[in-house]
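Shown next: entry_37.cif, containing mmCIF, C-alpha atoms.
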```cif
data_upload
loop_
_atom_site.label_atom_id
_atom_site.label_comp_id
_atom_site.auth_asym_id
_atom_site.auth_seq_id
_atom_site.Cartn_x
_atom_site.Cartn_y
_atom_site.Cartn_z
CA MET A 1269 0.00 0.00 0.00
CA THR A 1270 0.99 3.56 -0.46
CA ALA A 1271 0.96 5.56 2.72
CA ALA A 1272 -1.66 8.21 3.20
CA THR A 1273 -0.82 11.83 3.71
CA PRO A 1274 -1.86 12.32 7.33
CA GLY A 1275 -2.14 16.08 7.29
CA ARG A 1276 -0.04 18.55 9.18
CA GLY A 1277 1.17 17.15 12.48
CA ALA A 1278 3.22 14.21 13.73
CA ASP A 1279 5.07 12.24 11.07
CA TRP A 1280 4.25 8.67 10.10
CA ASN A 1281 5.97 5.69 11.68
CA PRO A 1282 7.05 3.49 8.75
CA ARG A 1283 7.82 0.52 11.01
CA ALA A 1284 4.34 0.52 12.59
CA TYR A 1285 2.73 0.93 9.19
CA ALA A 1286 4.76 -1.89 7.64
CA ARG A 1287 3.57 -4.48 10.16
CA PHE A 1288 0.58 -5.20 7.89
CA HIS A 1289 2.45 -4.80 4.61
CA ASP A 1290 0.91 -7.81 2.85
CA LEU A 1291 -2.67 -6.88 3.75
CA ARG A 1292 -2.21 -3.30 2.58
CA LEU A 1293 -0.42 -4.37 -0.62
CA ARG A 1294 -3.36 -6.41 -1.97
CA PRO A 1295 -5.73 -3.47 -2.60
CA ALA A 1296 -2.84 -1.42 -3.99
CA MET A 1297 -2.22 -4.12 -6.59
CA ASP A 1298 -5.95 -4.48 -7.28
CA LEU A 1299 -6.09 -0.76 -8.08
CA LEU A 1300 -3.06 -0.99 -10.33
CA ASN A 1301 -4.51 -3.96 -12.19
CA ALA A 1302 -7.67 -1.96 -12.89
CA VAL A 1303 -5.76 0.70 -14.83
CA ASP A 1304 -6.37 -0.11 -18.49
CA GLN A 1305 -5.12 3.11 -20.07
CA ILE A 1306 -2.26 5.56 -19.47
CA GLY A 1307 -1.98 8.74 -21.47
CA PRO A 1308 1.28 10.26 -22.64
CA GLY A 1309 3.04 11.81 -19.69
CA ASP A 1310 4.47 10.98 -16.30
CA VAL A 1311 3.11 8.36 -13.89
CA ILE A 1312 2.46 9.91 -10.47
CA ASP A 1313 2.29 7.85 -7.28
CA LEU A 1314 0.37 10.34 -5.14
CA GLY A 1315 0.91 9.46 -1.49
CA CYS A 1316 3.70 7.02 -2.30
CA GLY A 1317 4.61 6.24 1.31
CA THR A 1318 7.53 3.85 1.62
CA GLY A 1319 7.52 3.27 -2.13
CA GLN A 1320 6.37 -0.31 -2.25
CA MET A 1321 4.47 0.29 -5.51
CA GLY A 1322 7.38 1.90 -7.33
CA ALA A 1323 8.59 -1.18 -9.18
CA ALA A 1324 5.08 -2.25 -10.21
CA LEU A 1325 4.25 1.25 -11.45
CA ALA A 1326 7.52 1.33 -13.42
CA ARG A 1327 6.56 -1.88 -15.22
CA LEU A 1328 3.19 -0.40 -16.12
CA ALA A 1329 4.75 2.92 -17.16
CA MET A 1330 6.83 1.32 -19.94
CA GLY A 1331 9.53 3.98 -19.99
CA ARG A 1332 7.54 6.94 -18.70
CA ASP A 1333 8.92 8.80 -15.69
CA VAL A 1334 7.51 7.52 -12.38
CA ILE A 1335 7.32 10.21 -9.71
CA GLY A 1336 6.51 9.50 -6.06
CA VAL A 1337 4.90 12.26 -3.98
CA ASP A 1338 4.45 12.18 -0.21
CA GLU A 1339 4.38 14.67 2.65
CA SER A 1340 6.12 12.41 5.18
CA PRO A 1341 9.92 12.70 5.41
CA ALA A 1342 10.09 9.37 7.24
CA MET A 1343 8.17 7.57 4.51
CA LEU A 1344 10.18 9.21 1.73
CA GLU A 1345 13.41 8.15 3.42
CA LYS A 1346 12.26 4.55 2.99
CA ALA A 1347 11.01 5.23 -0.55
CA HIS A 1348 14.48 6.37 -1.62
CA ALA A 1349 15.59 2.75 -1.30
CA ALA A 1350 12.66 1.48 -3.41
CA LYS A 1351 13.06 0.60 -7.06
CA GLY A 1352 11.14 2.11 -9.93
CA TYR A 1353 10.94 5.82 -9.20
CA THR A 1354 12.56 8.37 -11.47
CA SER A 1355 12.26 10.95 -8.69
CA LEU A 1356 10.57 11.62 -5.36
CA GLN A 1357 8.93 14.84 -4.19
CA GLN A 1358 8.04 15.94 -0.68
CA ALA A 1359 4.76 17.83 -0.84
CA ASP A 1360 1.36 18.13 0.79
CA ILE A 1361 -1.16 16.81 -1.75
CA ARG A 1362 -3.34 19.84 -1.04
CA ASP A 1363 -0.61 22.08 -2.46
CA TRP A 1364 1.00 19.77 -5.01
CA LEU A 1365 1.06 20.56 -8.73
CA PRO A 1366 2.72 18.41 -11.41
CA ARG A 1367 5.57 19.86 -13.41
CA ARG A 1368 3.79 18.70 -16.59
CA ALA A 1369 0.46 17.02 -17.31
CA PRO A 1370 0.59 13.37 -16.13
CA GLY A 1371 -0.59 10.32 -18.02
CA LEU A 1372 -1.58 8.56 -14.77
CA ILE A 1373 -2.26 9.80 -11.27
CA TYR A 1374 -2.36 6.72 -9.05
CA SER A 1375 -3.35 7.26 -5.42
CA ASN A 1376 -3.78 4.31 -3.09
CA ALA A 1377 -5.14 4.90 0.44
CA ALA A 1378 -4.11 8.54 0.63
CA LEU A 1379 -6.86 10.91 -0.43
CA HIS A 1380 -9.27 10.02 2.40
CA TRP A 1381 -6.96 12.04 4.67
CA LEU A 1382 -7.86 15.20 2.77
CA GLY A 1383 -11.10 17.14 2.90
CA ASP A 1384 -13.12 18.93 0.22
CA HIS A 1385 -13.26 16.07 -2.27
CA ARG A 1386 -15.73 18.03 -4.39
CA ARG A 1387 -12.83 20.31 -5.25
CA LEU A 1388 -9.94 17.86 -4.90
CA MET A 1389 -11.04 15.08 -7.26
CA PRO A 1390 -12.03 17.27 -10.24
CA GLY A 1391 -8.83 19.24 -9.66
CA LEU A 1392 -6.73 16.09 -9.99
CA ALA A 1393 -8.66 15.03 -13.08
CA ALA A 1394 -8.04 18.43 -14.66
CA MET A 1395 -4.28 17.96 -14.26
CA LEU A 1396 -4.25 14.90 -16.57
CA ARG A 1397 -3.17 14.96 -20.17
CA LYS A 1398 -5.84 13.93 -22.69
CA GLY A 1399 -6.18 10.15 -22.49
CA GLY A 1400 -4.80 10.08 -18.95
CA THR A 1401 -6.26 8.22 -15.99
CA LEU A 1402 -6.94 9.03 -12.35
CA ALA A 1403 -6.95 5.84 -10.24
CA VAL A 1404 -7.95 6.05 -6.59
CA GLN A 1405 -8.50 3.64 -3.70
CA MET A 1406 -9.68 4.75 -0.25
CA PRO A 1407 -10.85 2.88 2.85
CA HIS A 1408 -14.65 2.78 3.08
CA GLN A 1409 -14.66 1.60 6.69
CA ASN A 1410 -15.71 4.53 8.87
CA ASN A 1411 -19.09 3.05 9.79
CA ALA A 1412 -17.55 -0.24 10.91
CA PRO A 1413 -16.87 -0.80 14.64
CA SER A 1414 -13.10 -0.80 14.04
CA HIS A 1415 -13.23 2.89 13.09
CA ARG A 1416 -16.48 4.24 14.53
CA VAL A 1417 -15.60 3.17 18.07
CA TRP A 1418 -12.41 5.26 18.15
CA GLN A 1419 -14.46 8.40 17.45
CA THR A 1420 -17.25 7.45 19.84
CA LEU A 1421 -14.89 6.75 22.72
CA ALA A 1422 -12.89 9.93 22.15
CA ASN A 1423 -16.07 12.02 22.21
CA ASP A 1424 -17.49 10.25 25.25
CA MET A 1425 -14.33 9.96 27.35
CA PHE A 1426 -12.48 13.15 26.42
CA PRO A 1427 -14.93 15.64 24.88
CA GLY A 1428 -13.15 18.55 23.26
CA HIS A 1429 -9.70 16.91 23.44
CA VAL A 1430 -9.74 15.57 19.87
CA ASP A 1431 -10.42 17.52 16.70
CA ALA A 1432 -12.81 15.27 14.78
CA SER A 1433 -12.05 17.14 11.56
CA GLY A 1434 -8.67 15.40 11.43
CA ALA A 1435 -10.22 11.97 11.02
CA PRO A 1436 -10.01 10.52 7.52
CA GLY A 1437 -13.24 10.06 5.59
CA ILE A 1438 -14.82 9.95 2.16
CA MET A 1439 -18.02 11.08 0.46
CA ALA A 1440 -20.89 8.81 -0.50
CA PRO A 1441 -20.16 6.89 -3.74
CA GLN A 1442 -23.04 8.69 -5.47
CA GLU A 1443 -21.25 11.99 -4.93
CA TYR A 1444 -18.08 10.80 -6.69
CA ASP A 1445 -20.19 9.57 -9.57
CA ALA A 1446 -21.93 12.95 -9.82
CA ILE A 1447 -18.72 14.99 -9.98
CA LEU A 1448 -16.52 12.64 -12.02
CA ALA A 1449 -18.67 10.62 -14.42
CA PRO A 1450 -19.37 13.66 -16.65
CA ARG A 1451 -15.61 14.13 -17.14
CA GLY A 1452 -14.82 10.90 -18.97
CA ARG A 1453 -14.94 7.12 -18.66
CA PHE A 1454 -15.67 6.54 -15.00
CA ARG A 1455 -15.74 3.20 -13.19
CA MET A 1456 -16.36 2.72 -9.45
CA TRP A 1457 -16.64 -0.31 -7.19
CA ASP A 1458 -16.00 -1.40 -3.64
CA THR A 1459 -14.47 -4.57 -2.27
CA MET A 1460 -14.72 -6.20 1.13
CA TYR A 1461 -11.41 -7.78 2.14
CA TYR A 1462 -11.66 -10.50 4.77
CA GLN A 1463 -8.29 -10.11 6.44
CA ARG A 1464 -6.83 -12.64 8.86
CA LEU A 1465 -4.97 -10.64 11.50
CA SER A 1466 -2.38 -12.63 13.41
CA ALA A 1467 -2.30 -12.90 17.18
CA GLU A 1468 -0.82 -9.97 19.07
CA ALA A 1469 0.74 -10.22 22.52
CA ASP A 1470 -1.37 -8.39 25.14
CA SER A 1471 -3.48 -6.52 22.58
CA HIS A 1472 -6.37 -7.03 20.18
CA PRO A 1473 -5.17 -7.37 16.56
CA VAL A 1474 -7.70 -4.81 15.25
CA ARG A 1475 -6.33 -2.23 17.65
CA ARG A 1476 -2.85 -2.81 16.30
CA TYR A 1477 -4.12 -2.53 12.74
CA THR A 1478 -6.00 0.74 13.22
CA GLU A 1479 -3.80 2.61 15.68
CA SER A 1480 -1.08 3.30 13.11
CA THR A 1481 -3.50 4.74 10.54
CA TYR A 1482 -7.09 5.77 11.26
CA ALA A 1483 -6.58 6.30 15.01
CA ARG A 1484 -3.40 8.38 14.68
CA PRO A 1485 -5.08 11.82 14.83
CA ILE A 1486 -7.15 10.70 17.82
CA LEU A 1487 -4.26 9.25 19.81
CA ASP A 1488 -1.96 12.16 18.93
CA GLY A 1489 -4.47 14.53 20.53
CA LEU A 1490 -4.38 12.79 23.92
CA ASP A 1491 -1.82 12.70 26.71
CA PRO A 1492 -0.24 9.34 27.71
CA GLY A 1493 -2.76 8.62 30.46
CA GLU A 1494 -5.70 9.39 28.21
CA ARG A 1495 -4.24 7.24 25.43
CA ALA A 1496 -3.88 4.29 27.80
CA ALA A 1497 -7.48 4.70 28.98
CA ILE A 1498 -9.03 4.90 25.52
CA ILE A 1499 -6.95 1.99 24.24
CA ALA A 1500 -8.08 -0.18 27.17
CA ARG A 1501 -11.73 0.60 26.51
CA TYR A 1502 -11.32 0.15 22.73
CA GLU A 1503 -9.82 -3.30 23.32
CA GLU A 1504 -12.86 -4.31 25.37
CA VAL A 1505 -15.26 -3.31 22.58
CA MET A 1506 -13.15 -4.95 19.88
CA ALA A 1507 -13.18 -8.26 21.77
CA SER A 1508 -16.95 -8.29 21.29
CA ALA A 1509 -17.09 -6.83 17.77
CA TYR A 1510 -14.26 -8.98 16.36
CA PRO A 1511 -13.93 -12.13 18.51
CA VAL A 1512 -10.45 -13.53 18.93
CA ARG A 1513 -10.05 -17.13 17.81
CA ALA A 1514 -8.40 -19.88 19.82
CA ASP A 1515 -5.07 -19.18 18.11
CA GLY A 1516 -5.28 -15.46 18.93
CA SER A 1517 -6.09 -14.37 15.37
CA VAL A 1518 -9.08 -12.34 14.17
CA LEU A 1519 -11.04 -12.34 10.91
CA PHE A 1520 -11.34 -8.63 10.11
CA PRO A 1521 -13.68 -7.49 7.29
CA PHE A 1522 -12.38 -4.28 5.70
CA ARG A 1523 -14.18 -2.43 2.89
CA ARG A 1524 -12.42 -0.23 0.33
CA LEU A 1525 -13.76 2.06 -2.42
CA PHE A 1526 -12.09 2.17 -5.84
CA PHE A 1527 -12.57 4.29 -8.93
CA THR A 1528 -10.82 5.09 -12.19
CA LEU A 1529 -11.49 8.03 -14.47
CA THR A 1530 -10.00 8.27 -17.96
CA VAL A 1531 -10.37 11.75 -19.47
#
```

Step by step, read the file and then write its structure as structure tokens.
Amino acid sequence: MTAATPGRGADWNPRAYARFHDLRLRPAMDLLNAVDQIGPGDVIDLGCGTGQMGAALARLAMGRDVIGVDESPAMLEKAHAAKGYTSLQQADIRDWLPRRAPGLIYSNAALHWLGDHRRLMPGLAAMLRKGGTLAVQMPHQNNAPSHRVWQTLANDMFPGHVDASGAPGIMAPQEYDAILAPRGRFRMWDTMYYQRLSAEADSHPVRRYTESTYARPILDGLDPGERAAIIARYEEVMASAYPVRADGSVLFPFRRLFFTLTV
């Protein structure tokens, strides 16, 4: 998976993120495999994270420049060791502009961290060269207990301590269709991934999965004592919502939204 741009604040922890590398890579590859057209121009990996998609994008690019863009210095440090990129750029996606019109803007699990998708998505589409493609994947999980409970507990236990606007989220699928389908060939789908999370010592596996991504803005807004309290309560709820099997593992359903737009 490509790492999301978390917004202004604490940097990402590549080691924590990489613990679930294989599970996050599957939807990234599914998005890449759905790209059936690239226009003339650069291939952009928007929110490239540690660069794990660099080599695969380079194979698809067939000689085009592959440019990775991410806001996180820690993630880009790892991406420098990845294969496939012609260059890497440190930039906030909200402010980023390509040097020339791209043939593909590929963004896996990044854009849900940014608001104002009614402006953002058409803006990205407008950057493409004629015949180019915008390919996007974002978690569609906010209504599931794994995500909803973090917000509920933060509001109940520490009202006013956490800025809810920092939580990642997406619009309803119908809204993406309304703003993007008139611009070209638009395809949209979602997929439920049934992920087997391995046993974790002294913690629920779903907590470990979500604390390094979705829960980051919530936990960053709390002091150590508050973090310990909310984590303990979250673990109790997760034990009921996602029962732990005899071997300590959990079957964790995770939904993701995909779309491609060729202009």

Where does the PyMOL selection byres ((chain A and resi 1423-1432) around 12) land in this file, that is, which residues does it pick, as a short mmCIF file (atom, residue, chain, number, x, y, z; two decimals) with C-alpha atoms, in the frame of the given file?
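What follows is the written file result-v1.cif:
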```cif
data_model
loop_
_atom_site.label_atom_id
_atom_site.label_comp_id
_atom_site.auth_asym_id
_atom_site.auth_seq_id
_atom_site.Cartn_x
_atom_site.Cartn_y
_atom_site.Cartn_z
CA ARG A 1416 -16.48 4.24 14.53
CA VAL A 1417 -15.60 3.17 18.07
CA TRP A 1418 -12.41 5.26 18.15
CA GLN A 1419 -14.46 8.40 17.45
CA THR A 1420 -17.25 7.45 19.84
CA LEU A 1421 -14.89 6.75 22.72
CA ALA A 1422 -12.89 9.93 22.15
CA SER A 1433 -12.05 17.14 11.56
CA GLY A 1434 -8.67 15.40 11.43
CA ALA A 1435 -10.22 11.97 11.02
CA PRO A 1436 -10.01 10.52 7.52
CA GLY A 1437 -13.24 10.06 5.59
CA TYR A 1482 -7.09 5.77 11.26
CA ALA A 1483 -6.58 6.30 15.01
CA ARG A 1484 -3.40 8.38 14.68
CA PRO A 1485 -5.08 11.82 14.83
CA ILE A 1486 -7.15 10.70 17.82
CA LEU A 1487 -4.26 9.25 19.81
CA ASP A 1488 -1.96 12.16 18.93
CA GLY A 1489 -4.47 14.53 20.53
CA LEU A 1490 -4.38 12.79 23.92
CA ASP A 1491 -1.82 12.70 26.71
CA GLY A 1493 -2.76 8.62 30.46
CA GLU A 1494 -5.70 9.39 28.21
CA ARG A 1495 -4.24 7.24 25.43
CA ALA A 1496 -3.88 4.29 27.80
CA ALA A 1497 -7.48 4.70 28.98
CA ILE A 1498 -9.03 4.90 25.52
CA ILE A 1499 -6.95 1.99 24.24
CA ALA A 1500 -8.08 -0.18 27.17
CA ARG A 1501 -11.73 0.60 26.51
CA TYR A 1502 -11.32 0.15 22.73
#
```

Do you know which residues are at most 10 Å from range 1471-1476 of chain A counting only C-alpha atoms, after dropping those on the same chain fewer than 5 positions away, and could you put them as a PyMOL selection string? chain A and resi 1284-1285+1287-1288+1414-1415+1418+1464-1466+1481+1483+1499-1500+1502-1507+1509-1512+1516-1520

Of the candidates A:Pro1413, A:Gly1391, A:Gly1371, A:Pro1441, which one gets nearest to Arg1455 in chain A if we count all atoms listed in the file?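 Of A:Pro1413, A:Gly1391, A:Gly1371, A:Pro1441, the one nearest Arg1455 in chain A is A:Pro1441, counting all atoms listed in the file.
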
When the PyMOL selection byres ((chain A and resi 1310) around 7) is applied to the structure above, which residues does it catch, written out as a ChimeraX atom specification? /A:1309,1311-1312,1332-1334,1370-1372

Grab the CA of Ile1335 in chain A to CA of Arg1294 in chain A distance for me, in Å with one decimal place.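 Separation between CA of Ile1335 in chain A and CA of Arg1294 in chain A: 21.2 Å.
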
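Note that the spacing between CA of Arg1523 in chain A and CA of Asp1313 in chain A amounts to 21.9 Å.
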
At a cut-off of 10 Å, using only C-alpha atoms, what residues contact range 1373-1379 of chain A? Leave out same-chain residues fewer than 3 positions from it and give the result as an NGL selection string. :A and (1269-1274 or 1292-1293 or 1295-1300 or 1303 or 1306 or 1310-1317 or 1321 or 1325 or 1335-1338 or 1361-1362 or 1366 or 1369-1370 or 1382-1383 or 1385 or 1388-1389 or 1392-1393 or 1395-1396 or 1400-1407 or 1436-1438 or 1524-1526 or 1528-1529)

One-decimal distance in Å that lies between CA of Leu1328 in chain A and CA of Asp1304 in chain A: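 Pair CA of Asp1304 in chain A / CA of Leu1328 in chain A returns 9.9 Å.
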
Let me have the centre and edge lengths in Å, one decimal, of the box along x, y and z around every listed atom of range 1322-1331 of chain A with 3 Å of margin on each side, as AutoDock Vina command-line options.
```
--center_x 6.4 --center_y 0.9 --center_z -13.7 --size_x 12.3 --size_y 12.2 --size_z 18.7
```
